[in-house]
Structure formats: C-alpha cells, structure tokens
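Asker: Please find run.cif (mmCIF, C-alpha atoms) on the next line:
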```
data_my_file
#
loop_
_atom_site.group_PDB
_atom_site.id
_atom_site.type_symbol
_atom_site.label_atom_id
_atom_site.label_comp_id
_atom_site.auth_asym_id
_atom_site.auth_seq_id
_atom_site.Cartn_x
_atom_site.Cartn_y
_atom_site.Cartn_z
ATOM 1 C CA MET Y 1 13.819 5.945 11.959
ATOM 2 C CA ILE Y 2 12.726 5.931 8.303
ATOM 3 C CA LYS Y 3 16.309 5.125 7.294
ATOM 4 C CA GLU Y 4 16.296 2.149 9.681
ATOM 5 C CA CYS Y 5 12.978 0.953 8.252
ATOM 6 C CA LEU Y 6 14.470 0.834 4.745
ATOM 7 C CA GLU Y 7 17.644 -0.890 5.939
ATOM 8 C CA ASN Y 8 15.701 -3.498 7.933
ATOM 9 C CA VAL Y 9 13.836 -4.575 4.792
ATOM 10 C CA ARG Y 10 17.092 -5.165 2.926
ATOM 11 C CA LYS Y 11 18.611 -6.946 5.915
ATOM 12 C CA ASN Y 12 15.668 -9.204 6.746
ATOM 13 C CA VAL Y 13 14.355 -9.971 3.201
ATOM 14 C CA PRO Y 14 10.711 -10.364 4.288
ATOM 15 C CA LEU Y 15 8.675 -12.985 2.442
ATOM 16 C CA VAL Y 16 5.308 -11.552 1.351
ATOM 17 C CA HIS Y 17 2.299 -13.541 0.103
ATOM 18 C CA ASN Y 18 0.254 -11.519 -2.392
ATOM 19 C CA ILE Y 19 -3.309 -12.191 -3.448
ATOM 20 C CA THR Y 20 -3.331 -9.288 -5.824
ATOM 21 C CA ASN Y 21 -4.923 -8.215 -9.048
ATOM 22 C CA TYR Y 22 -3.728 -9.705 -12.309
ATOM 23 C CA VAL Y 23 -3.419 -6.311 -14.011
ATOM 24 C CA THR Y 24 -0.412 -5.436 -11.837
ATOM 25 C CA VAL Y 25 0.826 -8.712 -10.361
ATOM 26 C CA ASN Y 26 4.186 -8.679 -12.155
ATOM 27 C CA ASP Y 27 4.955 -5.106 -11.104
ATOM 28 C CA VAL Y 28 3.979 -5.858 -7.493
ATOM 29 C CA ALA Y 29 6.448 -8.749 -7.455
ATOM 30 C CA ASN Y 30 9.197 -6.606 -8.983
ATOM 31 C CA VAL Y 31 8.708 -3.747 -6.518
ATOM 32 C CA ILE Y 32 8.867 -6.114 -3.548
ATOM 33 C CA LEU Y 33 12.108 -7.503 -4.962
ATOM 34 C CA ALA Y 34 13.408 -3.985 -5.631
ATOM 35 C CA CYS Y 35 12.849 -2.847 -2.048
ATOM 36 C CA GLY Y 36 14.633 -5.901 -0.646
ATOM 37 C CA GLY Y 37 11.773 -8.303 0.017
ATOM 38 C CA SER Y 38 10.735 -11.573 -1.578
ATOM 39 C CA PRO Y 39 7.281 -12.066 -3.163
ATOM 40 C CA ILE Y 40 5.050 -15.116 -3.541
ATOM 41 C CA MET Y 41 1.890 -14.899 -5.641
ATOM 42 C CA SER Y 42 -0.808 -17.466 -4.867
ATOM 43 C CA ASP Y 43 -4.615 -17.242 -4.987
ATOM 44 C CA ASP Y 44 -5.987 -20.796 -5.226
ATOM 45 C CA GLU Y 45 -8.084 -22.037 -2.300
ATOM 46 C CA GLY Y 46 -6.047 -25.211 -2.073
ATOM 47 C CA ASP Y 47 -2.761 -23.343 -1.904
ATOM 48 C CA VAL Y 48 -3.167 -20.090 0.012
ATOM 49 C CA GLU Y 49 -3.157 -21.373 3.590
ATOM 50 C CA ASP Y 50 0.101 -23.268 3.093
ATOM 51 C CA ILE Y 51 1.724 -20.353 1.285
ATOM 52 C CA THR Y 52 0.674 -17.713 3.796
ATOM 53 C CA SER Y 53 1.936 -19.967 6.602
ATOM 54 C CA ILE Y 54 5.515 -19.739 5.338
ATOM 55 C CA CYS Y 55 5.399 -15.961 4.743
ATOM 56 C CA GLY Y 56 5.736 -13.125 7.207
ATOM 57 C CA GLY Y 57 3.030 -10.993 5.632
ATOM 58 C CA LEU Y 58 -0.077 -11.152 3.459
ATOM 59 C CA ASN Y 59 -1.134 -8.460 0.982
ATOM 60 C CA ILE Y 60 -4.797 -8.763 -0.097
ATOM 61 C CA ASN Y 61 -5.771 -6.625 -3.095
ATOM 62 C CA ILE Y 62 -9.353 -6.778 -4.447
ATOM 63 C CA GLY Y 63 -8.624 -5.158 -7.809
ATOM 64 C CA THR Y 64 -9.742 -8.085 -9.975
ATOM 65 C CA LEU Y 65 -12.220 -9.938 -7.800
ATOM 66 C CA ASN Y 66 -13.779 -13.199 -8.918
ATOM 67 C CA LYS Y 67 -15.703 -16.044 -7.342
ATOM 68 C CA ASN Y 68 -12.554 -18.133 -7.007
ATOM 69 C CA THR Y 69 -10.315 -15.621 -5.270
ATOM 70 C CA ILE Y 70 -12.765 -14.235 -2.709
ATOM 71 C CA PRO Y 71 -12.847 -17.475 -0.630
ATOM 72 C CA SER Y 72 -9.060 -17.605 -0.920
ATOM 73 C CA MET Y 73 -8.791 -14.140 0.610
ATOM 74 C CA TYR Y 74 -10.831 -15.209 3.631
ATOM 75 C CA LEU Y 75 -8.885 -18.458 4.063
ATOM 76 C CA ALA Y 76 -5.483 -16.828 3.788
ATOM 77 C CA GLY Y 77 -6.479 -13.867 5.953
ATOM 78 C CA LYS Y 78 -7.793 -16.026 8.778
ATOM 79 C CA LYS Y 79 -4.700 -18.236 8.627
ATOM 80 C CA ALA Y 80 -2.443 -15.167 8.780
ATOM 81 C CA ASN Y 81 -4.405 -13.865 11.788
ATOM 82 C CA GLU Y 82 -4.097 -17.238 13.472
ATOM 83 C CA LEU Y 83 -0.322 -17.172 12.992
ATOM 84 C CA GLY Y 84 0.089 -13.526 13.985
ATOM 85 C CA HIS Y 85 1.388 -12.485 10.568
ATOM 86 C CA VAL Y 86 1.213 -8.974 9.122
ATOM 87 C CA LEU Y 87 -1.856 -8.290 6.971
ATOM 88 C CA LEU Y 88 -2.651 -5.475 4.559
ATOM 89 C CA LEU Y 89 -5.915 -4.779 2.727
ATOM 90 C CA ASP Y 90 -5.958 -2.797 -0.513
ATOM 91 C CA PRO Y 91 -9.671 -2.188 -1.270
ATOM 92 C CA VAL Y 92 -9.220 -1.298 -4.960
ATOM 93 C CA GLY Y 93 -12.405 0.185 -6.384
ATOM 94 C CA ALA Y 94 -14.443 -0.131 -3.198
ATOM 95 C CA GLY Y 95 -17.485 2.011 -3.874
ATOM 96 C CA ALA Y 96 -17.385 1.353 -7.624
ATOM 97 C CA SER Y 97 -19.446 -1.836 -7.395
ATOM 98 C CA LYS Y 98 -21.497 -3.730 -4.821
ATOM 99 C CA LEU Y 99 -19.217 -6.770 -5.064
ATOM 100 C CA ARG Y 100 -16.079 -4.772 -4.310
ATOM 101 C CA THR Y 101 -17.678 -2.838 -1.475
ATOM 102 C CA ASP Y 102 -19.276 -5.895 0.131
ATOM 103 C CA THR Y 103 -16.076 -7.916 -0.167
ATOM 104 C CA ALA Y 104 -13.882 -5.215 1.388
ATOM 105 C CA VAL Y 105 -16.329 -4.562 4.228
ATOM 106 C CA GLY Y 106 -16.789 -8.305 4.786
ATOM 107 C CA LEU Y 107 -13.052 -8.929 4.962
ATOM 108 C CA MET Y 108 -12.686 -6.152 7.532
ATOM 109 C CA LYS Y 109 -15.406 -7.702 9.699
ATOM 110 C CA GLU Y 110 -13.822 -11.162 9.783
ATOM 111 C CA ILE Y 111 -10.095 -10.417 9.517
ATOM 112 C CA ARG Y 112 -7.861 -8.078 11.495
ATOM 113 C CA PHE Y 113 -5.622 -5.981 9.233
ATOM 114 C CA ASP Y 114 -2.462 -4.234 10.354
ATOM 115 C CA VAL Y 115 -2.733 -1.762 7.473
ATOM 116 C CA ILE Y 116 -5.501 -0.625 5.144
ATOM 117 C CA ARG Y 117 -4.203 1.296 2.114
ATOM 118 C CA GLY Y 118 -6.296 2.995 -0.526
ATOM 119 C CA ASN Y 119 -7.238 6.284 -2.095
ATOM 120 C CA ILE Y 120 -9.466 8.601 -0.110
ATOM 121 C CA SER Y 121 -12.697 7.501 -1.838
ATOM 122 C CA GLU Y 122 -11.983 3.816 -1.139
ATOM 123 C CA ILE Y 123 -11.153 4.516 2.497
ATOM 124 C CA LYS Y 124 -14.301 6.602 2.961
ATOM 125 C CA THR Y 125 -16.330 3.754 1.482
ATOM 126 C CA LEU Y 126 -14.937 1.385 4.108
ATOM 127 C CA ALA Y 127 -15.609 3.899 6.870
ATOM 128 C CA TYR Y 128 -19.224 4.500 5.887
ATOM 129 C CA GLY Y 129 -20.105 1.146 4.296
ATOM 130 C CA SER Y 130 -20.936 2.740 0.949
ATOM 131 C CA GLY Y 131 -19.558 5.335 -1.397
ATOM 132 C CA SER Y 132 -18.623 6.113 -4.960
ATOM 133 C CA THR Y 133 -15.353 6.163 -6.850
ATOM 134 C CA LYS Y 134 -14.394 6.988 -10.415
ATOM 135 C CA GLY Y 135 -13.621 3.411 -11.396
ATOM 136 C CA VAL Y 136 -10.566 2.592 -9.297
ATOM 137 C CA ASP Y 137 -9.517 6.243 -8.946
ATOM 138 C CA ALA Y 138 -10.468 8.670 -6.201
ATOM 139 C CA ASP Y 139 -13.401 10.989 -6.763
ATOM 140 C CA VAL Y 140 -12.173 14.550 -7.244
ATOM 141 C CA ALA Y 141 -14.668 15.718 -4.638
ATOM 142 C CA ASP Y 142 -12.947 13.551 -2.017
ATOM 143 C CA ALA Y 143 -9.370 14.680 -2.733
ATOM 144 C CA VAL Y 144 -7.082 15.521 0.174
ATOM 145 C CA THR Y 145 -5.918 19.111 -0.394
ATOM 146 C CA GLU Y 146 -4.322 21.759 1.801
ATOM 147 C CA ASP Y 147 -7.834 23.111 2.413
ATOM 148 C CA THR Y 148 -9.253 19.752 3.514
ATOM 149 C CA LEU Y 149 -6.110 18.449 5.232
ATOM 150 C CA ASP Y 150 -7.121 19.085 8.845
ATOM 151 C CA ASN Y 151 -10.415 17.256 8.414
ATOM 152 C CA ALA Y 152 -8.724 14.415 6.553
ATOM 153 C CA VAL Y 153 -6.150 13.927 9.315
ATOM 154 C CA THR Y 154 -8.917 13.810 11.920
ATOM 155 C CA PHE Y 155 -10.843 11.316 9.777
ATOM 156 C CA VAL Y 156 -7.953 8.856 9.301
ATOM 157 C CA LYS Y 157 -6.965 8.956 12.970
ATOM 158 C CA LYS Y 158 -10.551 8.253 13.999
ATOM 159 C CA LEU Y 159 -10.879 5.395 11.517
ATOM 160 C CA SER Y 160 -7.610 3.893 12.702
ATOM 161 C CA ALA Y 161 -8.777 4.022 16.318
ATOM 162 C CA GLU Y 162 -12.064 2.348 15.359
ATOM 163 C CA THR Y 163 -10.542 -0.412 13.228
ATOM 164 C CA GLY Y 164 -7.246 -1.009 15.005
ATOM 165 C CA SER Y 165 -5.540 -0.743 11.606
ATOM 166 C CA ILE Y 166 -2.976 1.743 10.356
ATOM 167 C CA ILE Y 167 -4.740 3.782 7.677
ATOM 168 C CA ALA Y 168 -2.708 4.805 4.629
ATOM 169 C CA VAL Y 169 -4.454 7.186 2.232
ATOM 170 C CA THR Y 170 -2.494 7.915 -0.924
ATOM 171 C CA GLY Y 171 -3.008 10.770 -3.343
ATOM 172 C CA ALA Y 172 -1.503 14.192 -4.026
ATOM 173 C CA ILE Y 173 -0.947 14.389 -0.256
ATOM 174 C CA ASP Y 174 -0.432 11.042 1.489
ATOM 175 C CA LEU Y 175 -1.631 10.323 5.017
ATOM 176 C CA VAL Y 176 -0.420 7.417 7.161
ATOM 177 C CA ALA Y 177 -2.006 7.286 10.595
ATOM 178 C CA ASP Y 178 -2.755 5.346 13.705
ATOM 179 C CA GLY Y 179 -5.190 6.596 16.329
ATOM 180 C CA GLU Y 180 -2.778 9.187 17.709
ATOM 181 C CA LYS Y 181 -0.288 10.213 15.048
ATOM 182 C CA CYS Y 182 -0.500 10.994 11.345
ATOM 183 C CA TYR Y 183 2.349 11.295 8.863
ATOM 184 C CA VAL Y 184 1.500 13.898 6.215
ATOM 185 C CA ILE Y 185 3.704 13.097 3.203
ATOM 186 C CA ARG Y 186 4.213 15.301 0.167
ATOM 187 C CA ASN Y 187 6.503 13.190 -2.013
ATOM 188 C CA GLY Y 188 5.553 12.010 -5.508
ATOM 189 C CA ARG Y 189 4.668 13.282 -8.964
ATOM 190 C CA PRO Y 190 1.223 13.725 -10.567
ATOM 191 C CA GLU Y 191 2.506 11.709 -13.551
ATOM 192 C CA MET Y 192 2.504 8.601 -11.338
ATOM 193 C CA GLY Y 193 -1.247 8.539 -11.924
ATOM 194 C CA LYS Y 194 -0.584 7.720 -15.588
ATOM 195 C CA ILE Y 195 0.940 4.371 -14.619
ATOM 196 C CA THR Y 196 -1.293 1.411 -13.837
ATOM 197 C CA GLY Y 197 -0.582 -0.071 -10.459
ATOM 198 C CA THR Y 198 1.592 2.290 -8.430
ATOM 199 C CA GLY Y 199 -0.907 1.866 -5.603
ATOM 200 C CA CYS Y 200 -0.863 -1.926 -5.910
ATOM 201 C CA GLN Y 201 2.931 -1.872 -5.918
ATOM 202 C CA LEU Y 202 2.936 0.316 -2.835
ATOM 203 C CA SER Y 203 0.656 -2.078 -0.962
ATOM 204 C CA GLY Y 204 3.095 -4.920 -1.577
ATOM 205 C CA MET Y 205 5.996 -2.744 -0.441
ATOM 206 C CA ILE Y 206 4.190 -1.531 2.696
ATOM 207 C CA THR Y 207 3.573 -5.159 3.644
ATOM 208 C CA ALA Y 208 7.278 -5.941 3.262
ATOM 209 C CA TYR Y 209 8.243 -2.874 5.305
ATOM 210 C CA VAL Y 210 5.857 -3.687 8.151
ATOM 211 C CA VAL Y 211 6.985 -7.330 8.285
ATOM 212 C CA ALA Y 212 10.603 -6.153 8.619
ATOM 213 C CA ASN Y 213 9.796 -3.489 11.237
ATOM 214 C CA GLN Y 214 7.153 -4.960 13.506
ATOM 215 C CA ASP Y 215 8.156 -2.849 16.495
ATOM 216 C CA ASN Y 216 7.526 0.317 14.460
ATOM 217 C CA LYS Y 217 4.641 -0.504 12.146
ATOM 218 C CA LEU Y 218 3.381 3.054 11.686
ATOM 219 C CA GLU Y 219 6.839 4.379 10.836
ATOM 220 C CA ALA Y 220 7.442 1.428 8.498
ATOM 221 C CA ALA Y 221 4.229 2.053 6.585
ATOM 222 C CA ALA Y 222 5.022 5.757 6.337
ATOM 223 C CA ALA Y 223 8.570 5.021 5.181
ATOM 224 C CA ALA Y 224 7.286 2.796 2.381
ATOM 225 C CA VAL Y 225 4.955 5.569 1.201
ATOM 226 C CA MET Y 226 7.872 7.998 1.232
ATOM 227 C CA VAL Y 227 10.030 5.555 -0.756
ATOM 228 C CA MET Y 228 7.386 5.211 -3.467
ATOM 229 C CA GLY Y 229 6.811 8.953 -3.719
ATOM 230 C CA LEU Y 230 10.516 9.762 -3.772
ATOM 231 C CA ALA Y 231 11.101 7.047 -6.367
ATOM 232 C CA GLY Y 232 8.443 8.742 -8.488
ATOM 233 C CA GLU Y 233 10.388 11.996 -8.254
ATOM 234 C CA ILE Y 234 13.753 10.395 -9.001
ATOM 235 C CA GLY Y 235 12.367 8.292 -11.837
ATOM 236 C CA TYR Y 236 10.725 11.318 -13.421
ATOM 237 C CA SER Y 237 13.969 13.317 -13.254
ATOM 238 C CA HIS Y 238 15.690 10.603 -15.316
ATOM 239 C CA LEU Y 239 13.107 10.507 -18.114
ATOM 240 C CA GLN Y 240 14.208 11.600 -21.566
ATOM 241 C CA ALA Y 241 11.999 13.817 -23.737
ATOM 242 C CA PHE Y 242 10.944 10.908 -25.982
ATOM 243 C CA GLU Y 243 10.064 8.542 -23.097
ATOM 244 C CA GLY Y 244 6.597 7.980 -21.655
ATOM 245 C CA ASN Y 245 4.676 6.112 -18.988
ATOM 246 C CA SER Y 246 6.050 2.651 -19.786
ATOM 247 C CA THR Y 247 9.629 3.782 -19.244
ATOM 248 C CA TYR Y 248 8.540 5.816 -16.221
ATOM 249 C CA ARG Y 249 7.224 2.643 -14.576
ATOM 250 C CA ASN Y 250 10.641 1.027 -14.978
ATOM 251 C CA ARG Y 251 12.432 4.144 -13.750
ATOM 252 C CA ILE Y 252 10.367 4.064 -10.546
ATOM 253 C CA ILE Y 253 11.199 0.417 -9.897
ATOM 254 C CA ASP Y 254 14.878 1.133 -10.567
ATOM 255 C CA ALA Y 255 14.796 4.078 -8.154
ATOM 256 C CA ILE Y 256 13.358 1.838 -5.427
ATOM 257 C CA TYR Y 257 16.030 -0.775 -6.160
ATOM 258 C CA ASN Y 258 18.845 1.774 -5.879
ATOM 259 C CA MET Y 259 17.502 3.789 -2.951
ATOM 260 C CA ASP Y 260 19.468 3.839 0.285
ATOM 261 C CA GLY Y 261 18.651 5.192 3.705
ATOM 262 C CA ASP Y 262 20.539 8.450 3.269
ATOM 263 C CA THR Y 263 18.759 9.209 -0.013
ATOM 264 C CA LEU Y 264 15.421 8.564 1.672
ATOM 265 C CA GLU Y 265 16.206 10.741 4.680
ATOM 266 C CA GLN Y 266 17.366 13.599 2.481
ATOM 267 C CA GLY Y 267 14.464 13.384 0.036
ATOM 268 C CA ALA Y 268 11.508 12.579 2.298
ATOM 269 C CA LYS Y 269 9.018 15.437 2.670
ATOM 270 C CA PHE Y 270 6.768 14.913 5.642
ATOM 271 C CA GLU Y 271 5.366 16.335 8.842
ATOM 272 C CA ILE Y 272 3.724 14.629 11.802
ATOM 273 C CA ARG Y 273 0.340 15.773 13.107
#
```
Transcribe the structure of this file into structure tokens.
Answerer:
Amino acid sequence: MIKECLENVRKNVPLVHNITNYVTVNDVANVILACGGSPIMSDDEGDVEDITSICGGLNINIGTLNKNTIPSMYLAGKKANELGHVLLLDPVGAGASKLRTDTAVGLMKEIRFDVIRGNISEIKTLAYGSGSTKGVDADVADAVTEDTLDNAVTFVKKLSAETGSIIAVTGAIDLVADGEKCYVIRNGRPEMGKITGTGCQLSGMITAYVVANQDNKLEAAAAAVMVMGLAGEIGYSHLQAFEGNSTYRNRIIDAIYNMDGDTLEQGAKFEIR
C-alpha cells in the first residue's frame, strides 16, 4: 500500500496550494516537486480563494503569521472545505505565543482539516488549548520515546477521534493515526533537526500524498512521513566528511526525487498499533 501511495503521487501530479512560512517556502515547493506533485504559493486575501479552487489540496502553515495572512488562511480554508478539497494544518510554534496558539485553535474550530501535522508539543497545545514549546521545536519533556510510546499512541488516536483529522506527530519516533489505527514510524536521522524546515516540507508532501490517495488517506499520510524519514537516512549516507547541513538539505530533496516504491517498501521501518 505505501508503494502504491508513492506511485499515485507521481502518476496524478497533485496540485497543492501552500500558505506557508517564508523561512521555508522555497524548500516546500521543491519537495512537492521532488515527490511528484505541483506547488502553488499564494497568501494574499484577493488571490487565495481562486488559487485554492484550482488545486486539489491546501497546506496551511502558521510559521510566520502576520495580520495579512491570517484572514487568507480562513478564506482559503473555508473555500477548500466548500469544494471538498484536502486540507492540512501545520501549527508551527503553537504554544510559543498567544497569537500562534489562538490562530491554530481558531482555524480548527472553523475549518475541517484532513490532517494536522506537528511536533508533540504543538499537537498537545491544540488538544488542550494551551501549552509551551521551545520556540518552534518540541519541548524535551513532551518527547515521544519508547517509554512514553503507549500513552502517546492512545493520545493521538483519541485526538483524531475527537477532531475527525488524521494526526501526524513527528519527532524521533513518528506517529500517524486516525481514531482506530496508528502507524509508529522509526525512519529518519537526528541530524534532520539541524535543517530548517524539514517539518514544513513534510506538511507540503503529506498534502500531495493525501490528494493523490483519497481512498487511503491514513496510509498516504504515513507513507509521506516514511518517505521523508527514509530520505533523511539516504541523504545522510551520501554526505562527505566536509559537507554540512546545507548540503544535507539538498541531499534529502534529491533522495525524495529519486525514491521509488521498491526503495520505500524496503527501507520503511514501521509498525501498526
């Protein structure tokens, strides 16, 4: 199934509208292209409804919020709901500031999201309406570890059942769940945390995967997480001794571009709970 999810993206070339943060916007576009999709970036109030109307999916990322883009997120999100398009919310830094927390919670109240993807601290903030994060990174105290895994799986399943959204928590151990089933994924490298925007890139790619696999949304979201983690492993294995995080970013994008279904099936490390 995960092989089919990858192949469907390349076959269908899903068009994804991204209202994303300007720190990582170029990399988000490149990763969507690398995985087989097609990106459009648009965040002006006068433009977003038209753009989201012609796309199959909408990726909303709150990483660089401002007074101009917040209304655009609501407009585009409601239009996408009206048209039955795929929606993803990436609540970057929810819990780090009142504006981020209130915006993420407000969007969830007024817009139905197919997928919510964040680190564990961001997701807990959405679940409880408040929280704290270390900037845009997860708080160490919240980390999903082997010791906390059972509780974390229960938490994400419960939140998915309550929200009607697939919940994707990314970290050292990734969790992708609906109300009944959770993919526990152990791909990736800790060095991926030294690159700005791997999470933002993943949100764009998950959106593309879900658009191309609407009969298997949970599996599609999980497959995208596996692709990113495996690309991190492959990219790291190709690094030379004198290369650092800038080259690593490019190696990851290249690994996504070159990945096929067999490579994914052979390299994916996951269990279902």
Asker: Assuming the chain letters and numbering stay as they are in my file, what does the PyMOL selection byres ((chain Y and resi 68) around 12) actually select? List them as an NGL selection string.
Answerer: :Y and (19 or 42-46 or 48 or 64-67 or 69-75)
Asker: Return the single residue from Y:Thr207, Y:Ala224, Y:Asp215, Y:Gly188 that is closest to Val176 (chain Y), with distances computed using all atoms listed in the file.
Answerer: Y:Ala224
Asker: Any idea what's packed within 8 Å of Gly235 (chain Y), counting all atoms listed in the file, ignoring anything in its chain fewer than 6 positions away? Could you give it as a PyMOL selection string?
Answerer: chain Y and resi 248+251-252+254-255
Asker: Kindly provide, as a list in words, the polymer residues lying within 8 Å of (4.4, -2.3, 8.3), counting only C-alpha atoms and using the coordinates exactly as they appear in the file.
Answerer: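 Nearby residues: Val86, Asp114, Val115, Ile206, Thr207, Ala208, Tyr209, Val210, Val211, Ala212, Asn213, Gln214, Asn216, Lys217, Leu218, Glu219, Ala220 and Ala221 of chain Y.
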Asker: Near region 184-186 of chain Y, within 6 Å and counting only C-alpha atoms, which residues show up once chain neighbours fewer than 2 positions away are dropped, as a PyMOL selection string?
Answerer: chain Y and resi 173-175+269-271
Asker: Using only C-alpha atoms, pick whichever of Y:Gln201, Y:Thr154, Y:Asn8, Y:Ser121 has the shortest atom-to-atom distance to Pro39 (chain Y).
Answerer: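 Nearest candidate to Pro39 (chain Y) out of Y:Gln201, Y:Thr154, Y:Asn8, Y:Ser121: Y:Gln201.
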Asker: Taking (4.1, -11.7, 3.3) in the file's coordinates, which residues come within 7 Å, counting all atoms listed in the file, written as a list of chain:residue names?
Answerer: Y:Pro14, Y:Leu15, Y:Val16, Y:His17, Y:Asn18, Y:Thr52, Y:Cys55, Y:Gly56, Y:Gly57, Y:Leu58, Y:Asn59, Y:Thr207, Y:Ala208
Asker: Report as a PyMOL selection string the residues that result from applying the PyMOL selection byres ((chain Y and resi 83) around 12) to the structure here.
Answerer: chain Y and resi 49-50+52-58+76-82+84-87+112
Asker: What is the CA of Ile272 (chain Y) to CA of Ala172 (chain Y) distance in Å?
Answerer: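 Atom-to-atom, CA of Ile272 (chain Y) and CA of Ala172 (chain Y) are spaced 16.7 Å apart.
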Asker: Which value, in Å to one decimal, gives the distance between CA of Gly179 (chain Y) and CA of Asn12 (chain Y)?
Answerer: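 We find that CA of Gly179 (chain Y) and CA of Asn12 (chain Y) lie 27.9 Å from each other.
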Asker: What are the centre and the three edge lengths of an axis-aligned box that wraps all atoms of region 145-154 of chain Y in the file, given that 3 Å is added to every side, written as JSON and rounded to one decimal in Å?
Answerer:
```
{"center_x": -7.4, "center_y": 18.5, "center_z": 5.8, "size_x": 12.1, "size_y": 15.3, "size_z": 18.3}
```
Asker: Name the closest residue to Gln266 (chain Y) among the candidates Y:Leu159, Y:Met226, Y:Ile253, Y:Ala143; distances are taken between atoms, counting only C-alpha atoms.
Answerer: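 Among the listed residues, Y:Met226 lies closest to Gln266 (chain Y).
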Asker: Kindly resolve the PyMOL selection byres ((chain Y and resi 89-93) around 7) on the present coordinates and return the residues as a PyMOL selection string.
Answerer: chain Y and resi 59-63+87-88+94-96+100+104+113+115-118+122+133+135-136+203
Asker: Would you mind exporting C-alpha atoms of the selected residues as a PDB file, keeping the file's coordinate frame?
Answerer:
```
ATOM      1  CA  ASN Y  59      -1.134  -8.460   0.982  1.00  0.00           C
ATOM      2  CA  ILE Y  60      -4.797  -8.763  -0.097  1.00  0.00           C
ATOM      3  CA  ASN Y  61      -5.771  -6.625  -3.095  1.00  0.00           C
ATOM      4  CA  ILE Y  62      -9.353  -6.778  -4.447  1.00  0.00           C
ATOM      5  CA  GLY Y  63      -8.624  -5.158  -7.809  1.00  0.00           C
ATOM      6  CA  LEU Y  87      -1.856  -8.290   6.971  1.00  0.00           C
ATOM      7  CA  LEU Y  88      -2.651  -5.475   4.559  1.00  0.00           C
ATOM      8  CA  ALA Y  94     -14.443  -0.131  -3.198  1.00  0.00           C
ATOM      9  CA  GLY Y  95     -17.485   2.011  -3.874  1.00  0.00           C
ATOM     10  CA  ALA Y  96     -17.385   1.353  -7.624  1.00  0.00           C
ATOM     11  CA  ARG Y 100     -16.079  -4.772  -4.310  1.00  0.00           C
ATOM     12  CA  ALA Y 104     -13.882  -5.215   1.388  1.00  0.00           C
ATOM     13  CA  PHE Y 113      -5.622  -5.981   9.233  1.00  0.00           C
ATOM     14  CA  VAL Y 115      -2.733  -1.762   7.473  1.00  0.00           C
ATOM     15  CA  ILE Y 116      -5.501  -0.625   5.144  1.00  0.00           C
ATOM     16  CA  ARG Y 117      -4.203   1.296   2.114  1.00  0.00           C
ATOM     17  CA  GLY Y 118      -6.296   2.995  -0.526  1.00  0.00           C
ATOM     18  CA  GLU Y 122     -11.983   3.816  -1.139  1.00  0.00           C
ATOM     19  CA  THR Y 133     -15.353   6.163  -6.850  1.00  0.00           C
ATOM     20  CA  GLY Y 135     -13.621   3.411 -11.396  1.00  0.00           C
ATOM     21  CA  VAL Y 136     -10.566   2.592  -9.297  1.00  0.00           C
ATOM     22  CA  SER Y 203       0.656  -2.078  -0.962  1.00  0.00           C
TER      23      SER Y 203
END
```
Asker: Could you pull the residues within 8 Å of Lys3 (chain Y), counting only C-alpha atoms, minus those fewer than 4 positions along the same chain, as a PDB file with C-alpha atoms, in the frame of the given file?
Answerer:
```pdb
ATOM      1  CA  GLU Y   7      17.644  -0.890   5.939  1.00  0.00           C
ATOM      2  CA  ASP Y 260      19.468   3.839   0.285  1.00  0.00           C
ATOM      3  CA  GLY Y 261      18.651   5.192   3.705  1.00  0.00           C
ATOM      4  CA  ASP Y 262      20.539   8.450   3.269  1.00  0.00           C
ATOM      5  CA  LEU Y 264      15.421   8.564   1.672  1.00  0.00           C
ATOM      6  CA  GLU Y 265      16.206  10.741   4.680  1.00  0.00           C
TER       7      GLU Y 265
END
```
Asker: Just to confirm, what's the straight-line distance from CA of Ser38 (chain Y) to CA of Val13 (chain Y) in Å (one decimal)?
Answerer: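 Separation between CA of Ser38 (chain Y) and CA of Val13 (chain Y): 6.2 Å.
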Asker: Looking at Y:Ile234, Y:Ile123, Y:Cys200, Y:Ile195, which one is nearest to Ala168 (chain Y), with distances taken over only C-alpha atoms?
Answerer: Y:Ile123
Asker: When distances are computed from only C-alpha atoms, which of Y:Leu6, Y:Gly129, Y:Met192, Y:Thr170 shows the smallest separation from Gly244 (chain Y)?
Answerer: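 Checking each candidate against Gly244 (chain Y), we get Y:Met192 as the closest.
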Asker: Find the residues around Pro190 (chain Y) up to 10 Å (only C-alpha atoms counted), leave out those fewer than 4 positions away in its own chain, and share them as a list in words.
Answerer: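 The contact residues come out as Gly171, Ala172, Lys194, Gly232 and Glu233 of chain Y.
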Asker: Using only C-alpha atoms, please write the residues we just selected to a file, as a tab-separated table (two decimals), keeping the file's coordinate frame.
Answerer:
```
chain	number	residue	atom	x	y	z
Y	171	GLY	CA	-3.01	10.77	-3.34
Y	172	ALA	CA	-1.50	14.19	-4.03
Y	194	LYS	CA	-0.58	7.72	-15.59
Y	232	GLY	CA	8.44	8.74	-8.49
Y	233	GLU	CA	10.39	12.00	-8.25
```
Asker: Using all atoms listed in the file, can you tell me which of Y:Thr163, Y:Gln240, Y:Asn30, Y:Asn119 comes closest to Gly199 (chain Y)?
Answerer: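 Nearest to Gly199 (chain Y): Y:Asn119.
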